[in-house]
Amino acid sequence: MTRPELRPELPLPQLHAFVVLAEELHFGRAATRLGIAQPPLSQQIRRLEEKVGHPLFHREPGRVTLTPAGRELLPAVRRALADLTDGLSAARAAGSGRAGRLRIGFAASLALTGLLRTFRQRFPDVHLDIHEMTTAPQTAALREGTIDIGLLREPPDGETEIGFRTILTEPFVAVLPAAHPLAARRTVRLDQLADSPFVLLPRDVGPRLHDRITGLCAEAGFTPRIAQHAVEWQTVCALVETGLGVSLAPASIRRIRLKGVAFRAVSPGTARTHVAVAWRRNDPNPLVANLLATVGREMPRPGAVPAERPVPPGR
């Protein structure tokens with residue numbers, strides 16, 4: 001059976017007194033630095049020597065020097081005090097949400113780099129761990145605790161464990177092969193897409209966005225004929241480029257630049273998709289509260305819906 005490691009019980013005042021006396025090599029000056037009288041200082045050093053089992057200082061009239069035991073102990077105590085100081089600073093920073101790691105689920109089509117840039121500027125010591133995922137995987141990851149924040153489209157209904165807040169809206173665009181006849185137009189009527197096959201995200205990765213797109217088609221008088229599914233918008237655009245079909249997508253998808261793909265405004269242009277921030281309602285993590293506060297400062301942008309005040313985690 002392995003013997004458990006014995007950890008010495010050394011009070012911090014004793015260690016601090018030892019370092020100061022080792023630097024001053026004079027009990028009077030060391031006591032002055034410590035803000036105590038000389039007798040209490042002598043008691044602190046004596047108690048520490050009792051724990052070590054050996055004298056740490058030679059005491060001679062008018063002269064104090066370190067013993068071999070004292071010289072050996074000094075660098076270790078300095079390291080311990082420095083590590084403790086660093087640890088206290090790190091703990092305070094983490095406790096106030098100024099440092100640590102924040103895991104964020106991020107839909108690839110979102111143009112929210114301004115939000116993340118603002119957060120990093122306000123909290124440069126926070127490491128952002130970004131996970132690209134669509135809406136349904138984000139809500140599952142929030143419930144499982146594998147991400148702390150979700151930035152997603154069309155939040156689902158009926159979630160009791162997860163808080164959502166819409167932070168902006170944006171219009172839809174038609175995604176067309178560059179050679180498509182409608183690509184020559186500046187604006188495409190939705191009903192003009194009725195005869196084209198569609199490339200869409202599968203419903204299970206973003207049910208409400210999928211239903212929003214098919215609902216817009218229904219309002220235009222047709223049911224989209226889905227020729228191909230793709231899990232990521234980058235793949236949707238690549239498949240459109242090959243001529244497999246057309247798509248309807250949030251306007252920020254235009255950040256994906258492919259020579260063979262044209263993005264065109266759609267008519268009617270009143271339909272918009274909602275972008276939301278999501279978090280666990282009972283999450284006490286101060287990093288989450290700080291990001292929600294940053295969202296409140298950064299949003300809404302022009303065209304965004306008015307945002308409610310964020311509900312602090314745990315309420």
# chains A, B, ... in the order shown; residues from 1 in each chain; ligands from 1
call {"tool": "residues_around", "arguments": {"residues": "stretch 59-69 of chain A", "least_positions_apart": "3", "cutoff": "9 Å", "atoms": "only C-alpha atoms", "output": "list of chain:residue names"}}
result
A:Leu21, A:Ala22, A:Glu24, A:Leu25, A:His26, A:Phe27, A:Val52, A:His54, A:Pro55, A:Leu56, A:Glu72, A:Leu73, A:Leu74
call {"tool": "residues_around", "arguments": {"residues": "A:Phe106", "least_positions_apart": "4", "cutoff": "7 Å", "atoms": "only C-alpha atoms", "output": "PDB file with N, CA, C and O atoms, in the first residue's frame"}}
result
ATOM      1  N   ILE A 130     -14.173  27.836 -29.995  1.00  0.00           N
ATOM      2  CA  ILE A 130     -15.277  27.921 -30.951  1.00  0.00           C
ATOM      3  C   ILE A 130     -15.538  26.556 -31.574  1.00  0.00           C
ATOM      4  O   ILE A 130     -14.623  25.889 -32.051  1.00  0.00           O
ATOM      5  N   HIS A 131     -16.811  26.162 -31.564  1.00  0.00           N
ATOM      6  CA  HIS A 131     -17.231  24.905 -32.186  1.00  0.00           C
ATOM      7  C   HIS A 131     -18.281  25.216 -33.248  1.00  0.00           C
ATOM      8  O   HIS A 131     -19.351  25.736 -32.938  1.00  0.00           O
ATOM      9  N   GLU A 132     -17.955  24.909 -34.497  1.00  0.00           N
ATOM     10  CA  GLU A 132     -18.908  25.169 -35.579  1.00  0.00           C
ATOM     11  C   GLU A 132     -19.972  24.085 -35.582  1.00  0.00           C
ATOM     12  O   GLU A 132     -19.677  22.900 -35.719  1.00  0.00           O
ATOM     13  N   MET A 133     -21.226  24.494 -35.424  1.00  0.00           N
ATOM     14  CA  MET A 133     -22.330  23.535 -35.424  1.00  0.00           C
ATOM     15  C   MET A 133     -23.634  24.248 -35.716  1.00  0.00           C
ATOM     16  O   MET A 133     -23.770  25.457 -35.483  1.00  0.00           O
ATOM     17  N   GLY A 150     -24.474  29.442 -27.180  1.00  0.00           N
ATOM     18  CA  GLY A 150     -24.800  29.118 -28.558  1.00  0.00           C
ATOM     19  C   GLY A 150     -25.118  30.393 -29.322  1.00  0.00           C
ATOM     20  O   GLY A 150     -25.759  31.301 -28.795  1.00  0.00           O
ATOM     21  N   LEU A 151     -24.637  30.472 -30.551  1.00  0.00           N
ATOM     22  CA  LEU A 151     -25.002  31.547 -31.473  1.00  0.00           C
ATOM     23  C   LEU A 151     -25.616  30.863 -32.674  1.00  0.00           C
ATOM     24  O   LEU A 151     -24.922  30.215 -33.465  1.00  0.00           O
ATOM     25  N   LEU A 152     -26.940  30.971 -32.803  1.00  0.00           N
ATOM     26  CA  LEU A 152     -27.657  30.091 -33.720  1.00  0.00           C
ATOM     27  C   LEU A 152     -28.803  30.815 -34.417  1.00  0.00           C
ATOM     28  O   LEU A 152     -29.124  31.963 -34.094  1.00  0.00           O
TER      29      LEU A 152
END
call {"tool": "select_by_dssp", "arguments": {"residues": "stretch 119-213 of chain A", "states": "helix (DSSP H, G or I)", "output": "number ranges by chain"}}
result
A: 119-122, 135-144, 181-184, 190-193, 203-205, 207-213
call {"tool": "write_last_selection", "arguments": {"atoms": "N, CA, C and O atoms", "output": "short mmCIF file (atom, residue, chain, number, x, y, z; two decimals), in the first residue's frame"}}
result
data_model
loop_
_atom_site.label_atom_id
_atom_site.label_comp_id
_atom_site.auth_asym_id
_atom_site.auth_seq_id
_atom_site.Cartn_x
_atom_site.Cartn_y
_atom_site.Cartn_z
N PHE A 119 -15.95 41.22 -27.55
CA PHE A 119 -15.77 40.45 -26.33
C PHE A 119 -14.29 40.23 -26.04
O PHE A 119 -13.84 40.37 -24.91
N ARG A 120 -13.53 39.89 -27.08
CA ARG A 120 -12.10 39.65 -26.89
C ARG A 120 -11.38 40.93 -26.47
O ARG A 120 -10.43 40.90 -25.70
N GLN A 121 -11.82 42.08 -26.99
CA GLN A 121 -11.21 43.34 -26.60
C GLN A 121 -11.50 43.66 -25.14
O GLN A 121 -10.63 44.19 -24.43
N ARG A 122 -12.69 43.35 -24.69
CA ARG A 122 -13.06 43.63 -23.29
C ARG A 122 -12.44 42.62 -22.33
O ARG A 122 -12.12 42.97 -21.19
N THR A 135 -28.04 24.52 -35.50
CA THR A 135 -28.89 24.83 -34.37
C THR A 135 -29.18 23.63 -33.47
O THR A 135 -28.98 23.70 -32.25
N ALA A 136 -29.65 22.54 -34.02
CA ALA A 136 -30.02 21.39 -33.19
C ALA A 136 -28.83 20.84 -32.40
O ALA A 136 -28.96 20.58 -31.20
N PRO A 137 -27.66 20.65 -33.01
CA PRO A 137 -26.51 20.21 -32.22
C PRO A 137 -26.12 21.21 -31.13
O PRO A 137 -25.65 20.82 -30.06
N GLN A 138 -26.33 22.50 -31.39
CA GLN A 138 -26.00 23.49 -30.36
C GLN A 138 -26.90 23.35 -29.14
O GLN A 138 -26.42 23.37 -28.00
N THR A 139 -28.20 23.21 -29.36
CA THR A 139 -29.10 23.09 -28.21
C THR A 139 -28.82 21.80 -27.44
O THR A 139 -28.86 21.79 -26.20
N ALA A 140 -28.48 20.72 -28.16
CA ALA A 140 -28.12 19.48 -27.48
C ALA A 140 -26.83 19.66 -26.67
O ALA A 140 -26.73 19.19 -25.53
N ALA A 141 -25.85 20.35 -27.23
CA ALA A 141 -24.58 20.56 -26.53
C ALA A 141 -24.77 21.45 -25.31
O ALA A 141 -24.10 21.26 -24.29
N LEU A 142 -25.67 22.42 -25.39
CA LEU A 142 -25.96 23.25 -24.21
C LEU A 142 -26.58 22.42 -23.10
O LEU A 142 -26.19 22.53 -21.94
N ARG A 143 -27.52 21.57 -23.45
CA ARG A 143 -28.15 20.72 -22.44
C ARG A 143 -27.14 19.77 -21.81
O ARG A 143 -27.19 19.50 -20.60
N GLU A 144 -26.20 19.27 -22.62
CA GLU A 144 -25.20 18.31 -22.12
C GLU A 144 -24.04 19.01 -21.41
O GLU A 144 -23.21 18.34 -20.78
N PRO A 181 -30.51 31.13 -65.48
CA PRO A 181 -31.12 32.31 -66.14
C PRO A 181 -31.47 33.43 -65.15
O PRO A 181 -31.36 34.61 -65.49
N LEU A 182 -31.89 33.07 -63.93
CA LEU A 182 -32.28 34.09 -62.97
C LEU A 182 -31.08 34.84 -62.39
O LEU A 182 -31.26 35.89 -61.76
N ALA A 183 -29.89 34.32 -62.59
CA ALA A 183 -28.70 34.99 -62.06
C ALA A 183 -28.45 36.32 -62.74
O ALA A 183 -27.71 37.17 -62.20
N ALA A 184 -29.05 36.54 -63.89
CA ALA A 184 -28.89 37.81 -64.60
C ALA A 184 -29.73 38.91 -63.97
O ALA A 184 -29.57 40.09 -64.31
N LEU A 190 -39.77 34.72 -55.47
CA LEU A 190 -39.71 33.36 -54.95
C LEU A 190 -40.39 32.37 -55.87
O LEU A 190 -39.91 31.24 -56.06
N ASP A 191 -41.52 32.75 -56.47
CA ASP A 191 -42.25 31.79 -57.31
C ASP A 191 -41.46 31.43 -58.58
O ASP A 191 -41.75 30.42 -59.22
N GLN A 192 -40.44 32.24 -58.92
CA GLN A 192 -39.63 31.91 -60.09
C GLN A 192 -38.68 30.73 -59.82
O GLN A 192 -38.08 30.20 -60.76
N LEU A 193 -38.56 30.34 -58.55
CA LEU A 193 -37.71 29.20 -58.21
C LEU A 193 -38.49 27.89 -58.20
O LEU A 193 -37.91 26.82 -57.95
N ARG A 203 -33.64 18.81 -42.27
CA ARG A 203 -34.47 19.41 -41.24
C ARG A 203 -33.95 19.13 -39.83
O ARG A 203 -34.08 19.97 -38.94
N ASP A 204 -33.33 17.97 -39.61
CA ASP A 204 -32.95 17.62 -38.25
C ASP A 204 -31.80 18.46 -37.70
O ASP A 204 -31.60 18.52 -36.49
N VAL A 205 -31.04 19.14 -38.54
CA VAL A 205 -29.96 19.98 -38.02
C VAL A 205 -30.42 21.40 -37.74
O VAL A 205 -29.74 22.15 -37.04
N PRO A 207 -34.42 22.53 -37.54
CA PRO A 207 -35.84 22.36 -37.89
C PRO A 207 -36.56 23.66 -38.22
O PRO A 207 -37.27 23.74 -39.23
N ARG A 208 -36.39 24.68 -37.40
CA ARG A 208 -37.16 25.90 -37.61
C ARG A 208 -36.68 26.67 -38.84
O ARG A 208 -37.49 27.26 -39.57
N LEU A 209 -35.37 26.67 -39.11
CA LEU A 209 -34.87 27.33 -40.32
C LEU A 209 -35.34 26.59 -41.56
O LEU A 209 -35.76 27.21 -42.54
N HIS A 210 -35.27 25.27 -41.51
CA HIS A 210 -35.76 24.46 -42.63
C HIS A 210 -37.23 24.76 -42.89
O HIS A 210 -37.64 24.99 -44.04
N ASP A 211 -38.03 24.77 -41.82
CA ASP A 211 -39.46 25.03 -41.98
C ASP A 211 -39.72 26.46 -42.44
O ASP A 211 -40.69 26.72 -43.16
N ARG A 212 -38.86 27.38 -42.02
CA ARG A 212 -39.01 28.77 -42.48
C ARG A 212 -38.83 28.87 -43.98
O ARG A 212 -39.58 29.55 -44.67
N ILE A 213 -37.80 28.19 -44.49
CA ILE A 213 -37.52 28.25 -45.92
C ILE A 213 -38.63 27.58 -46.72
O ILE A 213 -39.14 28.13 -47.70
#
call {"tool": "closest_residue", "arguments": {"among": "A:Ala174, A:Val20, A:Leu15, A:Cys217", "to": "A:Arg47", "atoms": "only C-alpha atoms"}}
result
A:Leu15
call {"tool": "closest_residue", "arguments": {"among": "A:Leu12, A:Leu116, A:Ala30, A:Ala276", "to": "A:Leu81", "atoms": "only C-alpha atoms"}}
result
A:Leu12
call {"tool": "closest_residue", "arguments": {"among": "A:Ala265, A:Val188, A:Leu216, A:Ile256", "to": "A:Pro171", "atoms": "only C-alpha atoms"}}
result
A:Ala265
call {"tool": "residues_around", "arguments": {"residues": "A:Leu258", "least_positions_apart": "4", "cutoff": "9 Å", "atoms": "only C-alpha atoms", "output": "mmCIF file with C-alpha atoms, in the first residue's frame"}}
result
data_model
loop_
_atom_site.group_PDB
_atom_site.id
_atom_site.type_symbol
_atom_site.label_atom_id
_atom_site.label_comp_id
_atom_site.auth_asym_id
_atom_site.auth_seq_id
_atom_site.Cartn_x
_atom_site.Cartn_y
_atom_site.Cartn_z
ATOM 1 C CA CYS A 237 -23.063 26.553 -52.044
ATOM 2 C CA ALA A 238 -20.593 24.047 -53.509
ATOM 3 C CA GLU A 241 -22.098 25.699 -58.011
ATOM 4 C CA ALA A 262 -24.650 34.026 -57.607
#
call {"tool": "residues_around", "arguments": {"residues": "A:Glu170", "least_positions_apart": "5", "cutoff": "9 Å", "atoms": "only C-alpha atoms", "output": "list in words"}}
result
Pro250, Ala251, Ser252, Ala271, Arg272, Thr273, His274, Val275, Gly303 and Ala304 of chain A
call {"tool": "write_last_selection", "arguments": {"atoms": "N, CA and C atoms", "output": "PDB file, in the first residue's frame"}}
result
ATOM      1  N   PRO A 250     -29.858  32.528 -45.560  1.00  0.00           N
ATOM      2  CA  PRO A 250     -29.693  33.836 -44.918  1.00  0.00           C
ATOM      3  C   PRO A 250     -28.677  34.681 -45.681  1.00  0.00           C
ATOM      4  N   ALA A 251     -28.856  35.990 -45.673  1.00  0.00           N
ATOM      5  CA  ALA A 251     -28.053  36.876 -46.507  1.00  0.00           C
ATOM      6  C   ALA A 251     -26.558  36.810 -46.177  1.00  0.00           C
ATOM      7  N   SER A 252     -26.212  36.514 -44.938  1.00  0.00           N
ATOM      8  CA  SER A 252     -24.787  36.495 -44.587  1.00  0.00           C
ATOM      9  C   SER A 252     -24.051  35.337 -45.241  1.00  0.00           C
ATOM     10  N   ALA A 271     -39.436  38.755 -45.613  1.00  0.00           N
ATOM     11  CA  ALA A 271     -39.113  37.570 -44.809  1.00  0.00           C
ATOM     12  C   ALA A 271     -37.695  37.685 -44.257  1.00  0.00           C
ATOM     13  N   ARG A 272     -37.575  37.422 -42.970  1.00  0.00           N
ATOM     14  CA  ARG A 272     -36.270  37.521 -42.333  1.00  0.00           C
ATOM     15  C   ARG A 272     -36.044  36.308 -41.445  1.00  0.00           C
ATOM     16  N   THR A 273     -34.761  35.998 -41.216  1.00  0.00           N
ATOM     17  CA  THR A 273     -34.398  34.916 -40.320  1.00  0.00           C
ATOM     18  C   THR A 273     -33.824  35.506 -39.035  1.00  0.00           C
ATOM     19  N   HIS A 274     -34.095  34.849 -37.923  1.00  0.00           N
ATOM     20  CA  HIS A 274     -33.707  35.358 -36.620  1.00  0.00           C
ATOM     21  C   HIS A 274     -32.414  34.700 -36.141  1.00  0.00           C
ATOM     22  N   VAL A 275     -31.518  35.514 -35.603  1.00  0.00           N
ATOM     23  CA  VAL A 275     -30.278  35.037 -34.999  1.00  0.00           C
ATOM     24  C   VAL A 275     -30.385  35.263 -33.497  1.00  0.00           C
ATOM     25  N   GLY A 303     -31.355  47.115 -38.517  1.00  0.00           N
ATOM     26  CA  GLY A 303     -32.163  46.004 -39.018  1.00  0.00           C
ATOM     27  C   GLY A 303     -32.431  44.945 -37.996  1.00  0.00           C
ATOM     28  N   ALA A 304     -31.829  45.053 -36.817  1.00  0.00           N
ATOM     29  CA  ALA A 304     -32.042  44.043 -35.782  1.00  0.00           C
ATOM     30  C   ALA A 304     -33.337  44.323 -35.054  1.00  0.00           C
TER      31      ALA A 304
END
call {"tool": "closest_residue", "arguments": {"among": "A:Thr85, A:Ile36, A:Trp279, A:Gly53", "to": "A:Leu291", "atoms": "only C-alpha atoms"}}
result
A:Trp279
call {"tool": "select_by_dssp", "arguments": {"residues": "stretch 183-240 of chain A", "states": "strand (DSSP E)", "output": "list of chain:residue names"}}
result
A:Thr187, A:Val188, A:Arg189, A:Pro197, A:Phe198, A:Val199, A:Leu200, A:Arg225, A:Ile226, A:Ala227, A:Gln228, A:His229
call {"tool": "closest_residue", "arguments": {"among": "A:Val19, A:Leu292, A:Leu10, A:Ala249", "to": "A:Phe172", "atoms": "only C-alpha atoms"}}
result
A:Ala249
call {"tool": "closest_residue", "arguments": {"among": "A:Leu201, A:Val173, A:Ala90, A:Leu84", "to": "A:Trp233", "atoms": "only C-alpha atoms"}}
result
A:Leu201
